[in-house]
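Dumped coords-v6.pdb below, it's PDB, C-alpha atoms:
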ATOM      1  CA  ILE C   1     177.796  41.735 114.759  1.00  0.00           C
ATOM      2  CA  ALA C   2     175.386  41.061 117.620  1.00  0.00           C
ATOM      3  CA  GLY C   3     171.748  41.719 116.980  1.00  0.00           C
ATOM      4  CA  ILE C   4     168.534  40.425 115.493  1.00  0.00           C
ATOM      5  CA  THR C   5     168.095  39.301 111.915  1.00  0.00           C
ATOM      6  CA  GLN C   6     164.804  38.761 110.114  1.00  0.00           C
ATOM      7  CA  ALA C   7     164.047  37.057 106.837  1.00  0.00           C
ATOM      8  CA  PRO C   8     162.771  37.682 104.302  1.00  0.00           C
ATOM      9  CA  THR C   9     163.139  41.458 104.002  1.00  0.00           C
ATOM     10  CA  SER C  10     159.924  41.616 102.042  1.00  0.00           C
ATOM     11  CA  GLN C  11     157.445  39.190 100.547  1.00  0.00           C
ATOM     12  CA  ILE C  12     154.356  39.271  98.377  1.00  0.00           C
ATOM     13  CA  LEU C  13     152.051  36.376  99.112  1.00  0.00           C
ATOM     14  CA  ALA C  14     148.807  35.083  97.649  1.00  0.00           C
ATOM     15  CA  ALA C  15     145.893  34.829 100.065  1.00  0.00           C
ATOM     16  CA  GLY C  16     145.501  31.342 101.502  1.00  0.00           C
ATOM     17  CA  ARG C  17     149.196  30.529 101.339  1.00  0.00           C
ATOM     18  CA  ARG C  18     151.265  29.535 104.347  1.00  0.00           C
ATOM     19  CA  MET C  19     154.214  31.722 105.283  1.00  0.00           C
ATOM     20  CA  THR C  20     156.880  31.626 107.980  1.00  0.00           C
ATOM     21  CA  LEU C  21     158.775  34.732 108.966  1.00  0.00           C
ATOM     22  CA  ARG C  22     162.135  33.978 110.489  1.00  0.00           C
ATOM     23  CA  CYS C  23     163.812  35.733 113.401  1.00  0.00           C
ATOM     24  CA  THR C  24     167.193  34.961 114.936  1.00  0.00           C
ATOM     25  CA  GLN C  25     169.068  36.726 117.717  1.00  0.00           C
ATOM     26  CA  ASP C  26     172.615  36.150 118.912  1.00  0.00           C
ATOM     27  CA  MET C  27     172.448  38.107 122.158  1.00  0.00           C
ATOM     28  CA  ARG C  28     171.312  35.108 124.235  1.00  0.00           C
ATOM     29  CA  HIS C  29     168.223  37.030 125.287  1.00  0.00           C
ATOM     30  CA  ASN C  30     165.579  35.012 127.078  1.00  0.00           C
ATOM     31  CA  ALA C  31     162.547  36.926 125.850  1.00  0.00           C
ATOM     32  CA  MET C  32     161.446  37.427 122.258  1.00  0.00           C
ATOM     33  CA  TYR C  33     158.469  39.161 120.664  1.00  0.00           C
ATOM     34  CA  TRP C  34     156.628  39.584 117.391  1.00  0.00           C
ATOM     35  CA  TYR C  35     154.906  42.879 116.549  1.00  0.00           C
ATOM     36  CA  ARG C  36     153.048  44.158 113.553  1.00  0.00           C
ATOM     37  CA  GLN C  37     153.228  47.801 112.567  1.00  0.00           C
ATOM     38  CA  ASP C  38     150.327  49.411 110.754  1.00  0.00           C
ATOM     39  CA  LEU C  39     149.979  53.060 109.808  1.00  0.00           C
ATOM     40  CA  GLY C  40     148.407  55.105 112.577  1.00  0.00           C
ATOM     41  CA  LEU C  41     148.311  52.177 114.990  1.00  0.00           C
ATOM     42  CA  GLY C  42     151.884  51.943 116.206  1.00  0.00           C
ATOM     43  CA  LEU C  43     153.168  48.500 117.106  1.00  0.00           C
ATOM     44  CA  ARG C  44     150.881  45.750 118.332  1.00  0.00           C
ATOM     45  CA  LEU C  45     152.147  42.603 119.989  1.00  0.00           C
ATOM     46  CA  ILE C  46     151.233  39.353 118.242  1.00  0.00           C
ATOM     47  CA  HIS C  47     152.995  36.704 120.337  1.00  0.00           C
ATOM     48  CA  TYR C  48     155.815  36.593 122.827  1.00  0.00           C
ATOM     49  CA  SER C  49     158.116  34.089 124.474  1.00  0.00           C
ATOM     50  CA  ASN C  50     159.617  34.593 127.918  1.00  0.00           C
ATOM     51  CA  THR C  51     162.108  31.758 127.489  1.00  0.00           C
ATOM     52  CA  ALA C  52     162.855  28.828 125.211  1.00  0.00           C
ATOM     53  CA  GLY C  53     160.014  26.317 125.251  1.00  0.00           C
ATOM     54  CA  THR C  54     157.301  28.798 126.263  1.00  0.00           C
ATOM     55  CA  THR C  55     155.097  31.145 124.242  1.00  0.00           C
ATOM     56  CA  GLY C  56     152.177  33.446 124.947  1.00  0.00           C
ATOM     57  CA  LYS C  57     149.544  35.459 123.114  1.00  0.00           C
ATOM     58  CA  GLY C  58     149.762  39.197 122.691  1.00  0.00           C
ATOM     59  CA  GLU C  59     147.111  41.702 121.625  1.00  0.00           C
ATOM     60  CA  VAL C  60     146.478  40.401 118.096  1.00  0.00           C
ATOM     61  CA  PRO C  61     147.348  36.666 117.960  1.00  0.00           C
ATOM     62  CA  ASP C  62     144.579  35.400 115.674  1.00  0.00           C
ATOM     63  CA  GLY C  63     145.853  33.893 112.432  1.00  0.00           C
ATOM     64  CA  TYR C  64     149.427  33.605 113.715  1.00  0.00           C
ATOM     65  CA  SER C  65     151.410  30.928 115.528  1.00  0.00           C
ATOM     66  CA  VAL C  66     154.912  30.841 116.981  1.00  0.00           C
ATOM     67  CA  SER C  67     157.372  28.334 118.346  1.00  0.00           C
ATOM     68  CA  ARG C  68     160.482  28.683 120.495  1.00  0.00           C
ATOM     69  CA  ALA C  69     162.525  25.524 120.182  1.00  0.00           C
ATOM     70  CA  ASN C  70     165.732  27.237 121.288  1.00  0.00           C
ATOM     71  CA  THR C  71     166.971  30.551 122.652  1.00  0.00           C
ATOM     72  CA  ASP C  72     168.020  32.072 119.334  1.00  0.00           C
ATOM     73  CA  ASP C  73     165.091  31.453 116.978  1.00  0.00           C
ATOM     74  CA  PHE C  74     161.488  32.605 117.107  1.00  0.00           C
ATOM     75  CA  PRO C  75     159.634  31.959 113.829  1.00  0.00           C
ATOM     76  CA  LEU C  76     156.185  33.412 113.143  1.00  0.00           C
ATOM     77  CA  THR C  77     153.826  31.399 110.942  1.00  0.00           C
ATOM     78  CA  LEU C  78     150.751  32.531 109.054  1.00  0.00           C
ATOM     79  CA  ALA C  79     148.888  29.290 108.379  1.00  0.00           C
ATOM     80  CA  SER C  80     146.572  30.739 105.727  1.00  0.00           C
ATOM     81  CA  ALA C  81     147.385  34.344 104.913  1.00  0.00           C
ATOM     82  CA  VAL C  82     144.624  36.952 104.481  1.00  0.00           C
ATOM     83  CA  PRO C  83     144.893  40.498 103.068  1.00  0.00           C
ATOM     84  CA  SER C  84     144.405  42.035 106.544  1.00  0.00           C
ATOM     85  CA  GLN C  85     147.749  40.517 107.491  1.00  0.00           C
ATOM     86  CA  THR C  86     149.491  42.900 105.096  1.00  0.00           C
ATOM     87  CA  SER C  87     151.828  44.759 107.426  1.00  0.00           C
ATOM     88  CA  VAL C  88     155.404  45.278 108.517  1.00  0.00           C
ATOM     89  CA  TYR C  89     156.459  42.654 111.043  1.00  0.00           C
ATOM     90  CA  PHE C  90     159.106  43.297 113.653  1.00  0.00           C
ATOM     91  CA  CYS C  91     160.822  40.771 115.859  1.00  0.00           C
ATOM     92  CA  ALA C  92     162.345  41.948 119.145  1.00  0.00           C
ATOM     93  CA  SER C  93     164.199  40.502 122.083  1.00  0.00           C
ATOM     94  CA  SER C  94     165.045  41.541 125.613  1.00  0.00           C
ATOM     95  CA  GLY C  95     167.585  40.217 128.036  1.00  0.00           C
ATOM     96  CA  GLY C  96     166.401  41.381 131.401  1.00  0.00           C
ATOM     97  CA  SER C  97     168.716  44.376 131.712  1.00  0.00           C
ATOM     98  CA  GLY C  98     167.739  47.026 134.247  1.00  0.00           C
ATOM     99  CA  SER C  99     165.726  48.981 131.718  1.00  0.00           C
ATOM    100  CA  ASN C 100     164.261  45.846 130.087  1.00  0.00           C
ATOM    101  CA  GLU C 101     165.039  47.401 126.733  1.00  0.00           C
ATOM    102  CA  GLN C 102     163.675  45.571 123.723  1.00  0.00           C
ATOM    103  CA  PHE C 103     166.006  45.310 120.717  1.00  0.00           C
ATOM    104  CA  PHE C 104     164.309  45.263 117.332  1.00  0.00           C
ATOM    105  CA  GLY C 105     165.104  43.567 114.070  1.00  0.00           C
ATOM    106  CA  PRO C 106     164.966  45.404 110.720  1.00  0.00           C
ATOM    107  CA  GLY C 107     161.463  44.161 109.896  1.00  0.00           C
ATOM    108  CA  THR C 108     159.736  42.112 107.201  1.00  0.00           C
ATOM    109  CA  ARG C 109     157.330  43.865 104.858  1.00  0.00           C
ATOM    110  CA  LEU C 110     154.555  41.420 103.960  1.00  0.00           C
ATOM    111  CA  THR C 111     151.900  42.017 101.332  1.00  0.00           C
ATOM    112  CA  VAL C 112     149.019  39.558 101.032  1.00  0.00           C
ATOM    113  CA  LEU C 113     147.036  39.826  97.812  1.00  0.00           C
TER     114      LEU C 113
ATOM    115  CA  GLY Y   1     142.710  50.286 129.978  1.00  0.00           C
ATOM    116  CA  GLU Y   2     146.172  50.669 128.560  1.00  0.00           C
ATOM    117  CA  ASP Y   3     146.611  53.384 125.974  1.00  0.00           C
ATOM    118  CA  VAL Y   4     149.429  55.624 124.778  1.00  0.00           C
ATOM    119  CA  GLU Y   5     148.689  58.673 122.659  1.00  0.00           C
ATOM    120  CA  GLN Y   6     150.943  60.930 120.636  1.00  0.00           C
ATOM    121  CA  SER Y   7     150.435  63.630 118.061  1.00  0.00           C
ATOM    122  CA  LEU Y   8     151.147  62.243 114.606  1.00  0.00           C
ATOM    123  CA  PHE Y   9     153.282  64.952 113.061  1.00  0.00           C
ATOM    124  CA  LEU Y  10     155.746  67.679 114.053  1.00  0.00           C
ATOM    125  CA  SER Y  11     157.668  70.011 111.780  1.00  0.00           C
ATOM    126  CA  VAL Y  12     160.629  72.079 113.023  1.00  0.00           C
ATOM    127  CA  ARG Y  13     163.382  74.206 111.555  1.00  0.00           C
ATOM    128  CA  GLU Y  14     166.936  72.937 111.693  1.00  0.00           C
ATOM    129  CA  GLY Y  15     168.683  74.244 114.819  1.00  0.00           C
ATOM    130  CA  ASP Y  16     165.453  74.722 116.777  1.00  0.00           C
ATOM    131  CA  SER Y  17     164.326  72.520 119.643  1.00  0.00           C
ATOM    132  CA  SER Y  18     161.728  69.814 119.070  1.00  0.00           C
ATOM    133  CA  VAL Y  19     159.294  68.699 121.741  1.00  0.00           C
ATOM    134  CA  ILE Y  20     157.367  65.490 121.231  1.00  0.00           C
ATOM    135  CA  ASN Y  21     154.572  64.791 123.694  1.00  0.00           C
ATOM    136  CA  CYS Y  22     152.957  61.588 124.872  1.00  0.00           C
ATOM    137  CA  THR Y  23     150.200  60.709 127.310  1.00  0.00           C
ATOM    138  CA  TYR Y  24     149.571  57.310 128.835  1.00  0.00           C
ATOM    139  CA  THR Y  25     146.831  55.841 130.955  1.00  0.00           C
ATOM    140  CA  ASP Y  26     148.327  53.067 133.066  1.00  0.00           C
ATOM    141  CA  SER Y  27     149.581  54.406 136.393  1.00  0.00           C
ATOM    142  CA  SER Y  28     151.457  51.157 137.092  1.00  0.00           C
ATOM    143  CA  SER Y  29     154.008  51.869 134.342  1.00  0.00           C
ATOM    144  CA  THR Y  30     157.533  51.173 135.575  1.00  0.00           C
ATOM    145  CA  TYR Y  31     159.609  52.386 132.642  1.00  0.00           C
ATOM    146  CA  LEU Y  32     158.762  54.765 129.833  1.00  0.00           C
ATOM    147  CA  TYR Y  33     160.733  54.699 126.605  1.00  0.00           C
ATOM    148  CA  TRP Y  34     161.387  56.730 123.519  1.00  0.00           C
ATOM    149  CA  TYR Y  35     162.233  54.778 120.385  1.00  0.00           C
ATOM    150  CA  LYS Y  36     163.340  56.199 117.040  1.00  0.00           C
ATOM    151  CA  GLN Y  37     162.491  54.633 113.676  1.00  0.00           C
ATOM    152  CA  GLU Y  38     164.263  55.784 110.552  1.00  0.00           C
ATOM    153  CA  PRO Y  39     162.761  55.010 107.122  1.00  0.00           C
ATOM    154  CA  GLY Y  40     162.844  51.316 106.274  1.00  0.00           C
ATOM    155  CA  ALA Y  41     164.441  50.357 109.576  1.00  0.00           C
ATOM    156  CA  GLY Y  42     163.476  48.836 112.897  1.00  0.00           C
ATOM    157  CA  LEU Y  43     163.079  50.722 116.155  1.00  0.00           C
ATOM    158  CA  GLN Y  44     166.088  51.850 118.135  1.00  0.00           C
ATOM    159  CA  LEU Y  45     165.921  52.826 121.780  1.00  0.00           C
ATOM    160  CA  LEU Y  46     166.783  56.498 122.214  1.00  0.00           C
ATOM    161  CA  THR Y  47     166.326  56.863 125.923  1.00  0.00           C
ATOM    162  CA  TYR Y  48     164.150  55.742 128.800  1.00  0.00           C
ATOM    163  CA  ILE Y  49     163.082  57.001 132.193  1.00  0.00           C
ATOM    164  CA  PHE Y  50     162.193  55.103 135.324  1.00  0.00           C
ATOM    165  CA  SER Y  51     158.814  55.995 136.757  1.00  0.00           C
ATOM    166  CA  ASN Y  52     160.234  57.459 139.974  1.00  0.00           C
ATOM    167  CA  MET Y  53     162.208  60.086 138.042  1.00  0.00           C
ATOM    168  CA  ASP Y  54     160.988  63.481 136.842  1.00  0.00           C
ATOM    169  CA  MET Y  55     163.674  64.244 134.318  1.00  0.00           C
ATOM    170  CA  LYS Y  56     166.509  62.608 132.466  1.00  0.00           C
ATOM    171  CA  GLN Y  57     169.048  64.350 130.261  1.00  0.00           C
ATOM    172  CA  ASP Y  58     171.296  62.626 127.763  1.00  0.00           C
ATOM    173  CA  GLN Y  59     173.303  64.955 125.508  1.00  0.00           C
ATOM    174  CA  ARG Y  60     170.752  66.680 123.229  1.00  0.00           C
ATOM    175  CA  LEU Y  61     167.838  64.708 124.646  1.00  0.00           C
ATOM    176  CA  THR Y  62     165.766  65.692 127.675  1.00  0.00           C
ATOM    177  CA  VAL Y  63     162.920  63.533 128.930  1.00  0.00           C
ATOM    178  CA  LEU Y  64     160.339  65.004 131.285  1.00  0.00           C
ATOM    179  CA  LEU Y  65     157.863  62.842 133.169  1.00  0.00           C
ATOM    180  CA  ASN Y  66     154.783  64.178 134.925  1.00  0.00           C
ATOM    181  CA  LYS Y  67     153.313  61.176 136.714  1.00  0.00           C
ATOM    182  CA  LYS Y  68     150.354  63.092 138.072  1.00  0.00           C
ATOM    183  CA  ASP Y  69     149.192  64.019 134.573  1.00  0.00           C
ATOM    184  CA  LYS Y  70     150.612  60.817 132.980  1.00  0.00           C
ATOM    185  CA  HIS Y  71     152.497  62.964 130.514  1.00  0.00           C
ATOM    186  CA  LEU Y  72     155.878  62.241 128.970  1.00  0.00           C
ATOM    187  CA  SER Y  73     157.847  64.511 126.665  1.00  0.00           C
ATOM    188  CA  LEU Y  74     161.030  64.265 124.627  1.00  0.00           C
ATOM    189  CA  ARG Y  75     162.945  67.435 123.878  1.00  0.00           C
ATOM    190  CA  ILE Y  76     165.625  67.361 121.196  1.00  0.00           C
ATOM    191  CA  ALA Y  77     167.919  70.386 121.352  1.00  0.00           C
ATOM    192  CA  ASP Y  78     169.511  71.805 118.203  1.00  0.00           C
ATOM    193  CA  THR Y  79     167.459  69.552 115.934  1.00  0.00           C
ATOM    194  CA  GLN Y  80     169.310  68.321 112.849  1.00  0.00           C
ATOM    195  CA  THR Y  81     168.099  66.858 109.559  1.00  0.00           C
ATOM    196  CA  GLY Y  82     169.386  63.487 110.756  1.00  0.00           C
ATOM    197  CA  ASP Y  83     166.780  63.634 113.529  1.00  0.00           C
ATOM    198  CA  SER Y  84     163.997  63.299 110.949  1.00  0.00           C
ATOM    199  CA  ALA Y  85     162.272  60.027 111.828  1.00  0.00           C
ATOM    200  CA  ILE Y  86     159.252  58.578 113.597  1.00  0.00           C
ATOM    201  CA  TYR Y  87     159.451  58.704 117.388  1.00  0.00           C
ATOM    202  CA  PHE Y  88     157.516  56.192 119.460  1.00  0.00           C
ATOM    203  CA  CYS Y  89     156.600  56.576 123.080  1.00  0.00           C
ATOM    204  CA  ALA Y  90     156.134  53.285 124.973  1.00  0.00           C
ATOM    205  CA  GLU Y  91     155.265  52.313 128.510  1.00  0.00           C
ATOM    206  CA  ARG Y  92     156.229  49.109 130.256  1.00  0.00           C
ATOM    207  CA  ILE Y  93     153.383  47.435 132.057  1.00  0.00           C
ATOM    208  CA  THR Y  94     154.113  45.171 135.010  1.00  0.00           C
ATOM    209  CA  GLY Y  95     152.876  41.643 134.574  1.00  0.00           C
ATOM    210  CA  GLY Y  96     153.866  38.198 133.379  1.00  0.00           C
ATOM    211  CA  TYR Y  97     156.092  39.457 130.630  1.00  0.00           C
ATOM    212  CA  ASN Y  98     157.941  42.560 129.535  1.00  0.00           C
ATOM    213  CA  LYS Y  99     154.858  44.122 127.967  1.00  0.00           C
ATOM    214  CA  LEU Y 100     155.311  47.372 126.096  1.00  0.00           C
ATOM    215  CA  ILE Y 101     152.395  49.525 124.959  1.00  0.00           C
ATOM    216  CA  PHE Y 102     153.377  51.763 122.041  1.00  0.00           C
ATOM    217  CA  GLY Y 103     151.908  55.003 120.841  1.00  0.00           C
ATOM    218  CA  ALA Y 104     151.153  55.432 117.140  1.00  0.00           C
ATOM    219  CA  GLY Y 105     154.358  57.399 116.618  1.00  0.00           C
ATOM    220  CA  THR Y 106     155.148  61.066 115.875  1.00  0.00           C
ATOM    221  CA  ARG Y 107     156.729  61.811 112.528  1.00  0.00           C
ATOM    222  CA  LEU Y 108     159.347  64.555 112.988  1.00  0.00           C
ATOM    223  CA  ALA Y 109     160.227  66.530 109.862  1.00  0.00           C
ATOM    224  CA  VAL Y 110     163.249  68.843 110.075  1.00  0.00           C
ATOM    225  CA  HIS Y 111     163.524  71.496 107.397  1.00  0.00           C
ATOM    226  CA  PRO Y 112     166.307  73.971 106.610  1.00  0.00           C
TER     227      PRO Y 112
END
Kindly present the structure from the file in C-alpha cells form.
Amino acid sequence: IAGITQAPTSQILAAGRRMTLRCTQDMRHNAMYWYRQDLGLGLRLIHYSNTAGTTGKGEVPDGYSVSRANTDDFPLTLASAVPSQTSVYFCASSGGSGSNEQFFGPGTRLTVL
Amino acid sequence: GEDVEQSLFLSVREGDSSVINCTYTDSSSTYLYWYKQEPGAGLQLLTYIFSNMDMKQDQRLTVLLNKKDKHLSLRIADTQTGDSAIYFCAERITGGYNKLIFGAGTRLAVHP
C-alpha cells in the first residue's frame, strides 16, 4: 500500500539521549517534511527537503537534524533530547501535483523525561 | 507575518451543518487547504481551494473563500458522528519550497 510510514509509533526517552525518528515513503515524492504537533499550536515545520541530497530549515529547527540520502527516506535526529522536544512528530511528502498536497504519516509520539 | 487562526472547538448535533472558520494573513497564498485529523492518526487532506476561486463544493463539503477579508470556511452538511475530528486550515505560501502554514486546529464534536 502506497504511503508514508514512520517508526517508532511511540517512544519514551531520557533527556540527553540521542534519538532518530524514521520516515519512509514509497510514492517517489521529491519533497519531504518534518513537523511537530503541540496542543494549541497546530503543526510547525522543523526541516524540509525539496529533493534527495538537499535539506532546509523550517520554523523550529534547533535541536534537530535531518538527512536525505535518497528519495524514500528522511530521518530526523535529536542529538541530545530535552523535555521541550516532547511532542508528536509527523513526516509528510509532496510530489508536485497541481494542488501540491502534502501526504502525512501516522506520527511518532515522543516523550522526553 | 504569516499566521492562520481558527476557533479551537465546535459542537454540533448530528444531522446539522457544521461551519468551521479560518482567517489568514498572507495575501500571497496560492492554495488553501482543509485537513482532517482523527484521534491517534496523521492528517488527511479533505479538500483545497485555489486562491482565484470563491467556492468549491465536494459532496457534503463546501469551501468558501473571501480573499478580501482573508477568510476561509468549511461547511459540512448533514454532520455525522464520523465527522468528529480536528480540522486544520492551512495556507500555501509561495517561495523556495512548498511551505504550509497551519492553524491550531478546530476540534469538532458531533453529538446525538
Neighbour list for C:Ser87 as a list in words, cut-off 8 Å, all atoms listed in the file, skip fewer than 3 positions in-chain: Arg36, Gln37, Asp38, Ser84, Arg109, Leu110 and Thr111 of chain C
The PyMOL selection byres ((chain C) within 12 of (chain Y)) on the file shown: which residues, as a JSON list (two decimals) with C-alpha atoms, in the frame of the given file?
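What landed in out_25.json:
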[["chain", "number", "residue", "atom", "x", "y", "z"],
["C", 3, "GLY", "CA", 171.75, 41.72, 116.98],
["C", 4, "ILE", "CA", 168.53, 40.42, 115.49],
["C", 5, "THR", "CA", 168.10, 39.30, 111.92],
["C", 6, "GLN", "CA", 164.80, 38.76, 110.11],
["C", 9, "THR", "CA", 163.14, 41.46, 104.00],
["C", 10, "SER", "CA", 159.92, 41.62, 102.04],
["C", 30, "ASN", "CA", 165.58, 35.01, 127.08],
["C", 31, "ALA", "CA", 162.55, 36.93, 125.85],
["C", 32, "MET", "CA", 161.45, 37.43, 122.26],
["C", 33, "TYR", "CA", 158.47, 39.16, 120.66],
["C", 34, "TRP", "CA", 156.63, 39.58, 117.39],
["C", 35, "TYR", "CA", 154.91, 42.88, 116.55],
["C", 36, "ARG", "CA", 153.05, 44.16, 113.55],
["C", 37, "GLN", "CA", 153.23, 47.80, 112.57],
["C", 38, "ASP", "CA", 150.33, 49.41, 110.75],
["C", 39, "LEU", "CA", 149.98, 53.06, 109.81],
["C", 40, "GLY", "CA", 148.41, 55.10, 112.58],
["C", 41, "LEU", "CA", 148.31, 52.18, 114.99],
["C", 42, "GLY", "CA", 151.88, 51.94, 116.21],
["C", 43, "LEU", "CA", 153.17, 48.50, 117.11],
["C", 44, "ARG", "CA", 150.88, 45.75, 118.33],
["C", 45, "LEU", "CA", 152.15, 42.60, 119.99],
["C", 46, "ILE", "CA", 151.23, 39.35, 118.24],
["C", 47, "HIS", "CA", 153.00, 36.70, 120.34],
["C", 48, "TYR", "CA", 155.82, 36.59, 122.83],
["C", 49, "SER", "CA", 158.12, 34.09, 124.47],
["C", 50, "ASN", "CA", 159.62, 34.59, 127.92],
["C", 51, "THR", "CA", 162.11, 31.76, 127.49],
["C", 54, "THR", "CA", 157.30, 28.80, 126.26],
["C", 55, "THR", "CA", 155.10, 31.14, 124.24],
["C", 56, "GLY", "CA", 152.18, 33.45, 124.95],
["C", 57, "LYS", "CA", 149.54, 35.46, 123.11],
["C", 58, "GLY", "CA", 149.76, 39.20, 122.69],
["C", 59, "GLU", "CA", 147.11, 41.70, 121.62],
["C", 88, "VAL", "CA", 155.40, 45.28, 108.52],
["C", 89, "TYR", "CA", 156.46, 42.65, 111.04],
["C", 90, "PHE", "CA", 159.11, 43.30, 113.65],
["C", 91, "CYS", "CA", 160.82, 40.77, 115.86],
["C", 92, "ALA", "CA", 162.34, 41.95, 119.14],
["C", 93, "SER", "CA", 164.20, 40.50, 122.08],
["C", 94, "SER", "CA", 165.04, 41.54, 125.61],
["C", 95, "GLY", "CA", 167.58, 40.22, 128.04],
["C", 96, "GLY", "CA", 166.40, 41.38, 131.40],
["C", 97, "SER", "CA", 168.72, 44.38, 131.71],
["C", 98, "GLY", "CA", 167.74, 47.03, 134.25],
["C", 99, "SER", "CA", 165.73, 48.98, 131.72],
["C", 100, "ASN", "CA", 164.26, 45.85, 130.09],
["C", 101, "GLU", "CA", 165.04, 47.40, 126.73],
["C", 102, "GLN", "CA", 163.68, 45.57, 123.72],
["C", 103, "PHE", "CA", 166.01, 45.31, 120.72],
["C", 104, "PHE", "CA", 164.31, 45.26, 117.33],
["C", 105, "GLY", "CA", 165.10, 43.57, 114.07],
["C", 106, "PRO", "CA", 164.97, 45.40, 110.72],
["C", 107, "GLY", "CA", 161.46, 44.16, 109.90],
["C", 108, "THR", "CA", 159.74, 42.11, 107.20],
["C", 109, "ARG", "CA", 157.33, 43.86, 104.86]]
Separation of atom CA of Y:Met53 from atom CA of Y:Leu72 in Å: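 Here the two named atoms are 11.3 Å from each other.
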One-decimal distance in Å that lies between atom CA of C:Arg18 and atom CA of C:Ala52: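 About the pair atom CA of C:Ala52 and atom CA of C:Arg18: they are 23.9 Å apart.
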Among the residues C:Thr77, C:Val112, C:Ala7, C:Leu13, the one that comes closest to C:Pro61 [using all atoms listed in the file]: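 Comparing C:Thr77, C:Val112, C:Ala7, C:Leu13 against C:Pro61, the winner is C:Thr77.
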Selected residue, from Y:Glu91, Y:Asp26, Y:Asp83, Y:Glu14, that lies nearest to Y:Asp69 when counting all atoms listed in the file: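 Closest candidate: Y:Asp26.
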